[in-house]
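Peer 1: What follows is coords33.txt, made up of compact mmCIF, C-alpha atoms:
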# COMPACT_ATOMS: atom_id res chain seq x y z
CA MET A 625 5.64 4.68 11.50
CA LEU A 626 5.17 2.26 8.59
CA GLU A 627 3.33 -0.88 9.64
CA TYR A 628 5.55 -3.57 8.14
CA SER A 629 4.30 -6.19 10.60
CA SER A 630 0.68 -5.62 9.54
CA ILE A 631 1.22 -6.33 5.84
CA SER A 632 -0.55 -9.50 4.69
CA TYR A 633 1.58 -12.45 3.60
CA ASP A 634 -1.21 -13.20 1.14
CA LEU A 635 -0.56 -9.86 -0.56
CA LEU A 636 3.19 -10.49 -0.58
CA SER A 637 2.57 -13.81 -2.36
CA TYR A 638 1.28 -11.82 -5.36
CA ALA A 639 4.77 -10.44 -6.02
CA LYS A 640 6.98 -11.68 -8.85
CA GLN A 641 9.82 -12.34 -6.39
CA ASP A 642 10.26 -12.87 -2.66
CA VAL A 643 11.10 -9.75 -0.69
CA MET A 644 12.57 -8.91 2.72
CA LEU A 645 10.22 -6.17 3.90
CA LYS A 646 12.50 -4.30 6.28
CA ASN A 647 15.43 -4.17 3.89
CA SER A 648 13.55 -3.13 0.78
CA TYR A 649 11.77 -0.20 -0.84
CA ILE A 650 8.06 -0.98 -0.41
CA ASP A 651 5.46 1.10 -2.23
CA PHE A 652 1.91 -0.10 -2.87
CA HIS A 653 0.55 3.15 -4.36
CA MET A 654 1.91 5.21 -7.27
CA HIS A 655 0.79 6.77 -10.54
CA THR A 656 2.47 6.73 -13.95
CA THR A 657 2.09 8.58 -17.23
CA ALA A 658 -0.78 6.21 -18.06
CA SER A 659 -3.02 8.25 -15.74
CA ASP A 660 -2.26 11.51 -13.92
CA GLY A 661 1.35 10.82 -12.98
CA PHE A 662 4.74 11.59 -14.49
CA LEU A 663 6.47 8.33 -13.58
CA SER A 664 7.77 6.47 -16.63
CA LYS A 665 8.76 2.85 -16.97
CA LYS A 666 12.32 3.99 -17.70
CA PHE A 667 12.49 6.00 -14.47
CA LEU A 668 11.20 3.10 -12.36
CA VAL A 669 13.61 0.62 -13.95
CA ASN A 670 16.56 2.93 -13.32
CA PHE A 671 15.48 3.94 -9.82
CA LEU A 672 14.86 0.38 -8.62
CA ARG A 673 17.95 -1.16 -10.21
CA ASN A 674 20.13 -2.77 -7.51
CA LYS A 675 17.57 -1.90 -4.81
CA PRO A 676 15.59 -4.68 -3.10
CA HIS A 677 11.99 -3.61 -3.66
CA LEU A 678 8.32 -4.40 -4.08
CA ILE A 679 5.95 -1.96 -5.77
CA SER A 680 2.50 -1.75 -7.29
CA VAL A 681 1.57 0.66 -10.05
CA THR A 682 -1.98 1.79 -9.24
CA ASP A 683 -3.10 4.16 -11.96
CA HIS A 684 -6.58 5.69 -11.86
CA ASN A 685 -8.97 3.33 -13.70
CA GLU A 686 -6.10 2.35 -16.00
CA ILE A 687 -3.80 -0.68 -16.26
CA ARG A 688 -1.55 -0.23 -19.31
CA LYS A 689 1.63 0.70 -17.43
CA SER A 690 1.05 -1.86 -14.68
CA ILE A 691 0.69 -4.69 -17.22
CA LYS A 692 3.58 -3.42 -19.35
CA ILE A 693 5.95 -3.33 -16.38
CA VAL A 694 4.84 -6.81 -15.26
CA GLU A 695 5.46 -8.28 -18.71
CA SER A 696 8.57 -6.43 -19.89
CA THR A 697 10.80 -5.69 -16.89
CA ASN A 698 12.47 -7.39 -13.93
CA ILE A 699 10.79 -5.02 -11.50
CA ASN A 700 9.26 -6.84 -8.53
CA ILE A 701 5.68 -5.69 -8.97
CA ILE A 702 2.15 -6.62 -7.99
CA PRO A 703 -0.40 -5.89 -10.75
CA GLY A 704 -2.78 -3.21 -9.50
CA ILE A 705 -5.26 -0.44 -10.15
CA GLU A 706 -6.77 2.46 -8.20
CA LEU A 707 -10.44 1.97 -8.90
CA GLY A 708 -12.69 5.03 -8.64
CA ALA A 709 -16.47 4.89 -8.22
CA ASN A 710 -19.10 7.40 -9.36
CA ASP A 711 -19.08 9.24 -6.02
CA GLY A 712 -15.29 9.54 -5.83
CA THR A 713 -14.65 6.65 -3.45
CA GLU A 714 -11.53 4.72 -4.45
CA LEU A 715 -10.09 1.27 -3.84
CA LEU A 716 -6.59 -0.06 -4.36
CA VAL A 717 -7.07 -3.47 -5.95
CA TYR A 718 -4.10 -5.82 -6.23
CA PHE A 719 -4.33 -8.87 -8.50
CA LYS A 720 -2.43 -12.12 -8.14
CA HIS A 721 -2.53 -12.67 -11.91
CA GLU A 722 -2.13 -9.96 -14.52
CA ASP A 723 -4.47 -11.75 -16.95
CA GLU A 724 -7.25 -11.47 -14.37
CA LEU A 725 -6.54 -7.75 -13.99
CA GLU A 726 -6.83 -7.37 -17.76
CA GLU A 727 -10.08 -9.33 -17.86
CA PHE A 728 -11.63 -7.38 -14.97
CA TYR A 729 -10.59 -4.08 -16.52
CA ARG A 730 -11.95 -5.01 -19.94
CA LYS A 731 -15.31 -6.25 -18.58
CA TYR A 732 -16.09 -3.84 -15.76
CA VAL A 733 -13.87 -0.75 -15.77
CA GLU A 734 -13.24 0.25 -19.38
CA PRO A 735 -16.95 0.28 -20.39
CA ASN A 736 -17.76 2.50 -17.40
CA LYS A 737 -14.97 5.07 -17.59
CA SER A 738 -15.99 8.71 -17.36
CA VAL A 739 -15.10 10.96 -20.29
CA PHE A 740 -15.00 13.93 -17.92
CA ARG A 741 -13.20 12.67 -14.80
CA MET A 742 -10.18 10.35 -14.90
CA VAL A 743 -10.57 9.32 -11.27
CA LYS A 744 -14.27 8.41 -11.50
CA THR A 745 -16.36 5.79 -13.29
CA LYS A 746 -20.11 5.46 -13.83
CA LYS A 747 -20.69 2.69 -11.28
CA ASP A 748 -20.84 2.65 -7.49
CA ILE A 749 -18.15 1.00 -5.40
CA PHE A 750 -20.26 -2.03 -4.50
CA TYR A 751 -20.77 -2.84 -8.18
CA TYR A 752 -17.03 -3.40 -8.40
CA LEU A 753 -16.80 -5.29 -5.13
CA ASP A 754 -19.56 -7.65 -6.28
CA ASN A 755 -17.68 -8.38 -9.51
CA LEU A 756 -14.27 -8.76 -7.85
CA VAL A 757 -15.28 -11.77 -5.74
CA VAL A 758 -14.43 -14.27 -8.51
CA TYR A 759 -10.83 -13.02 -8.81
CA ASP A 760 -7.72 -13.55 -6.68
CA VAL A 761 -7.48 -10.02 -5.35
CA PHE A 762 -6.41 -8.10 -2.27
CA ILE A 763 -8.31 -4.86 -1.65
CA SER A 764 -7.24 -1.83 0.38
CA ILE A 765 -8.96 1.50 1.05
CA PRO A 766 -6.53 4.36 0.31
CA HIS A 767 -6.39 7.72 2.15
CA ILE A 768 -9.53 6.81 4.12
CA ASN A 769 -9.27 10.06 6.09
CA GLY A 770 -8.22 12.20 3.14
CA TYR A 771 -9.08 15.74 2.20
CA ALA A 772 -12.49 16.94 0.93
CA HIS A 773 -14.23 14.25 -1.17
CA LYS A 774 -11.46 11.77 -0.31
CA ASN A 775 -12.47 11.64 3.33
CA TYR A 776 -14.38 8.37 3.08
CA LEU A 777 -15.11 8.31 6.81
CA ASN A 778 -17.94 10.71 5.97
CA LYS A 779 -19.63 8.14 3.73
CA LYS A 780 -22.80 6.60 5.15
CA TYR A 781 -21.71 3.18 3.91
CA ILE A 782 -18.12 3.31 5.19
CA LYS A 783 -18.51 0.52 7.77
CA GLU A 784 -20.09 -1.76 5.18
CA LEU A 785 -17.24 -0.96 2.81
CA ILE A 786 -14.55 -1.65 5.41
CA MET A 787 -16.08 -5.03 6.18
CA GLN A 788 -15.69 -6.05 2.52
CA VAL A 789 -12.01 -5.16 2.08
CA ASP A 790 -8.77 -6.72 3.28
CA ALA A 791 -6.76 -3.70 4.34
CA ILE A 792 -6.59 0.00 5.13
CA GLU A 793 -3.81 2.20 3.75
CA THR A 794 -2.35 3.45 7.03
CA PHE A 795 0.39 5.62 5.56
CA ASN A 796 -0.10 7.77 2.49
CA LYS A 797 2.85 10.12 2.03
CA PRO A 798 0.88 13.26 0.99
CA MET A 799 -1.44 12.90 3.98
CA GLY A 800 -0.44 14.62 7.21
CA LYS A 801 0.65 12.73 10.31
CA LYS A 802 -2.72 13.15 12.05
CA LYS A 803 -4.68 11.80 9.08
CA ASN A 804 -2.44 8.74 8.81
CA LEU A 805 -2.81 8.12 12.55
CA VAL A 806 -6.60 8.13 12.13
CA ALA A 807 -6.26 5.59 9.31
CA LYS A 808 -4.12 3.39 11.55
CA LYS A 809 -6.71 3.64 14.32
CA VAL A 810 -9.48 2.56 11.91
CA ARG A 811 -7.37 -0.39 10.75
CA LYS A 812 -6.88 -1.57 14.31
CA GLU A 813 -10.54 -1.06 15.20
CA PHE A 814 -11.69 -3.29 12.34
CA ASN A 815 -8.73 -5.71 12.57
CA LYS A 816 -7.62 -5.22 8.98
CA TYR A 817 -4.22 -5.57 7.32
CA ALA A 818 -2.16 -2.50 6.40
CA THR A 819 -0.80 -1.16 3.15
CA PHE A 820 1.24 1.99 2.62
CA GLY A 821 2.60 3.96 -0.27
CA SER A 822 4.02 7.15 -1.68
CA ASP A 823 0.94 7.97 -3.79
CA ALA A 824 3.66 9.43 -5.99
CA HIS A 825 2.96 11.23 -9.24
CA LEU A 826 6.47 12.67 -9.67
CA PRO A 827 9.94 11.08 -9.62
CA GLN A 828 10.97 13.33 -6.71
CA GLU A 829 8.11 11.91 -4.64
CA ILE A 830 9.48 8.40 -5.15
CA ASN A 831 12.91 9.61 -4.02
CA ASP A 832 11.39 11.31 -0.99
CA PHE A 833 9.49 8.19 0.05
CA TYR A 834 12.61 6.06 -0.40
CA ASN A 835 14.59 8.38 1.90
CA PHE A 836 11.70 8.42 4.36
CA GLN A 837 11.74 4.61 4.50
CA LEU A 838 15.48 4.59 5.14
CA HIS A 839 14.95 6.99 8.04
CA GLU A 840 12.10 4.86 9.42
CA LEU A 841 14.25 1.73 9.28
CA GLU A 842 17.08 3.51 11.08
CA LYS A 843 14.67 4.49 13.86
CA LEU A 844 13.30 0.95 14.06
CA ASN A 845 16.78 -0.57 14.24
CA LYS A 846 17.75 1.92 16.96
CA LEU A 847 14.61 1.05 18.92
CA ASN A 848 15.33 -2.67 18.67
CA GLU A 849 18.92 -2.04 19.72
CA ASN A 850 17.79 -0.11 22.81
CA ILE A 851 15.26 -2.82 23.73
CA LEU A 852 17.99 -5.45 23.49
CA LYS A 853 20.26 -3.36 25.73
CA MET A 854 17.47 -3.01 28.30
CA TYR A 855 16.83 -6.77 28.37
CA THR A 856 20.56 -7.46 28.64
CA LEU A 857 20.97 -4.99 31.50
CA SER A 858 17.92 -6.43 33.27
CA TYR A 859 19.30 -9.95 32.94
CA ILE A 860 22.71 -8.92 34.31
CA LEU A 861 21.13 -7.09 37.27
CA THR A 862 19.00 -10.15 38.04
CA LYS A 863 22.08 -12.38 38.04
CA HIS A 864 23.95 -9.99 40.35
CA THR A 865 20.97 -9.73 42.72
CA LYS A 866 20.65 -13.50 42.97
CA TYR A 867 24.38 -13.78 43.65
CA PHE A 868 24.22 -11.08 46.35
CA PHE A 869 21.35 -12.70 48.26
CA SER A 870 22.83 -16.17 47.96
CA LYS A 871 25.78 -15.15 50.13
What does this structure look like when you write it as structure tokens?
Peer 2:
Amino acid sequence: MLEYSSISYDLLSYAKQDVMLKNSYIDFHMHTTASDGFLSKKFLVNFLRNKPHLISVTDHNEIRKSIKIVESTNINIIPGIELGANDGTELLVYFKHEDELEEFYRKYVEPNKSVFRMVKTKKDIFYYLDNLVVYDVFISIPHINGYAHKNYLNKKYIKELIMQVDAIETFNKPMGKKKNLVAKKVRKEFNKYATFGSDAHLPQEINDFYNFQLHELEKLNKLNENILKMYTLSYILTKHTKYFFSK
């Protein structure tokens, strides 16, 4: 289940517009044609038109599409980047101000990009964390229990890393149910906020995550409806019991 109630209000304040979480398409992790994805600005504009939403474009060590969408569309977006270190560890970094994202990218990411691997840079993850402290940012660890080199729980420094971030991505659509449950458990253990996203690279993956969210909201509404019925029934039974014993 998507952890709407564990999303930080601080992160939500970075958005261009206010959003009602449980009635909107929420996606904090996706990739466009600026990195290894096939999502275009045109597709996102058309897909999100007339849908309440909040997204973040988080391309690998790249910000062109994120900045372009912020500046040239009405999409409700948080400026972001998926930052990759020299050992493959990644962070989702969300910026309150797009000019700060541009400055950080220009100073610390662009000079250290790898010519061989799009998802990696030449610096370790703590180099970036040290330089992010002067910016208004919200940091989440994506797919913390991912596959192969993206299983960060195997890193010797993982606890130190968790202590320096704001959130754990507790639902990543390509990850299996068990892996997402482990991520949720880690979030709770360290008392962090949650983020979630499609990690989409293709338009169909955005559509799939949208339909998944609709299904999740239907289940949540049904659960709340059943809880209300239980409380109502309990209240009625209590009233009848009191009436019976008062006679």
Peer 1: Can you tell me which residues surround region 733-750 of chain A at a distance of at most 12 Å, considering only C-alpha atoms, apart from same-chain residues fewer than 3 positions away, and format the answer as a PyMOL selection string?
Peer 2: chain A and resi 655+658-661+682-688+705-717+725-730+753-757+765+773-774+776+779+781-782+784-789
Peer 1: Quick one: everything within 9 Å of region 663-668 of chain A, counting only C-alpha atoms, minus sequence neighbours fewer than 5 positions away in the same chain. Send it as a ChimeraX atom specification.
Peer 2: /A:654-658,673,689,692-693,697,699,824-827,830
Peer 1: Using only C-alpha atoms, which of the listed residues (A:Asp651, A:Glu840, A:Asp723, A:Glu695) sits closest to Thr819 (chain A)?
Peer 2: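 Ranked by minimum distance to Thr819 (chain A), first place goes to A:Asp651.
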Peer 1: Have a look at CA of Glu842 (chain A) and CA of Ser822 (chain A) and let me know their distance in Å, one decimal.
Peer 2: 18.6 Å
Peer 1: To one decimal in Å, tell me the separation between CA of Val810 (chain A) and CA of Asn831 (chain A).
Peer 2: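 Atom-to-atom, CA of Val810 (chain A) to CA of Asn831 (chain A), that is 28.4 Å.
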Peer 1: Can you pull out every residue within 10 Å of Gln641 (chain A), counting only C-alpha atoms, but drop anything in the same chain fewer than 4 positions away, and send it as a PyMOL selection string?
Peer 2: chain A and resi 636-637+677-678+698-702
Peer 1: Quick one: of A:Val643, A:Leu777, A:Ala818, A:Tyr771, who's nearest to Pro798 (chain A), counting only C-alpha atoms?
Peer 2: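 Checking each candidate against Pro798 (chain A), we get A:Tyr771 as the closest.
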Peer 1: Between CA of Ser696 (chain A) and CA of Glu722 (chain A), measure the distance and give it in Å to one decimal.
Peer 2: 12.5 Å
Peer 1: For Tyr649 (chain A), which residue out of A:Ile691, A:Leu635, A:Phe836, A:Lys843 is the nearest one, using only C-alpha atoms?
Peer 2: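 Using only C-alpha atoms, Tyr649 (chain A) sits closest to A:Phe836.
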Peer 1: Give as a list in words each residue that has an atom at most 9 Å from (7.5, -3.0, 7.5) in the file, counting all atoms listed in the file.
Peer 2: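 The answer, in the requested form, is Met625, Leu626, Glu627, Tyr628, Ser629, Ser630, Ile631, Leu645, Lys646, Asn647, Ile650 and Leu841 of chain A.
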Peer 1: Hey, what's within 12 Å of Gly800 (chain A) if we count all atoms listed in the file and toss same-chain stuff fewer than 6 positions away? As JSON, numbers by chain, please?
Peer 2: {"A": [767, 769, 770, 771, 794, 806, 807]}
Peer 1: Kindly indicate which residue among A:Glu793, A:Asp634, A:Glu724, A:Asp642 lies nearest to Lys808 (chain A), using all atoms listed in the file for the distances.
Peer 2: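 Among the listed residues, the smallest separation from Lys808 (chain A) belongs to A:Glu793.
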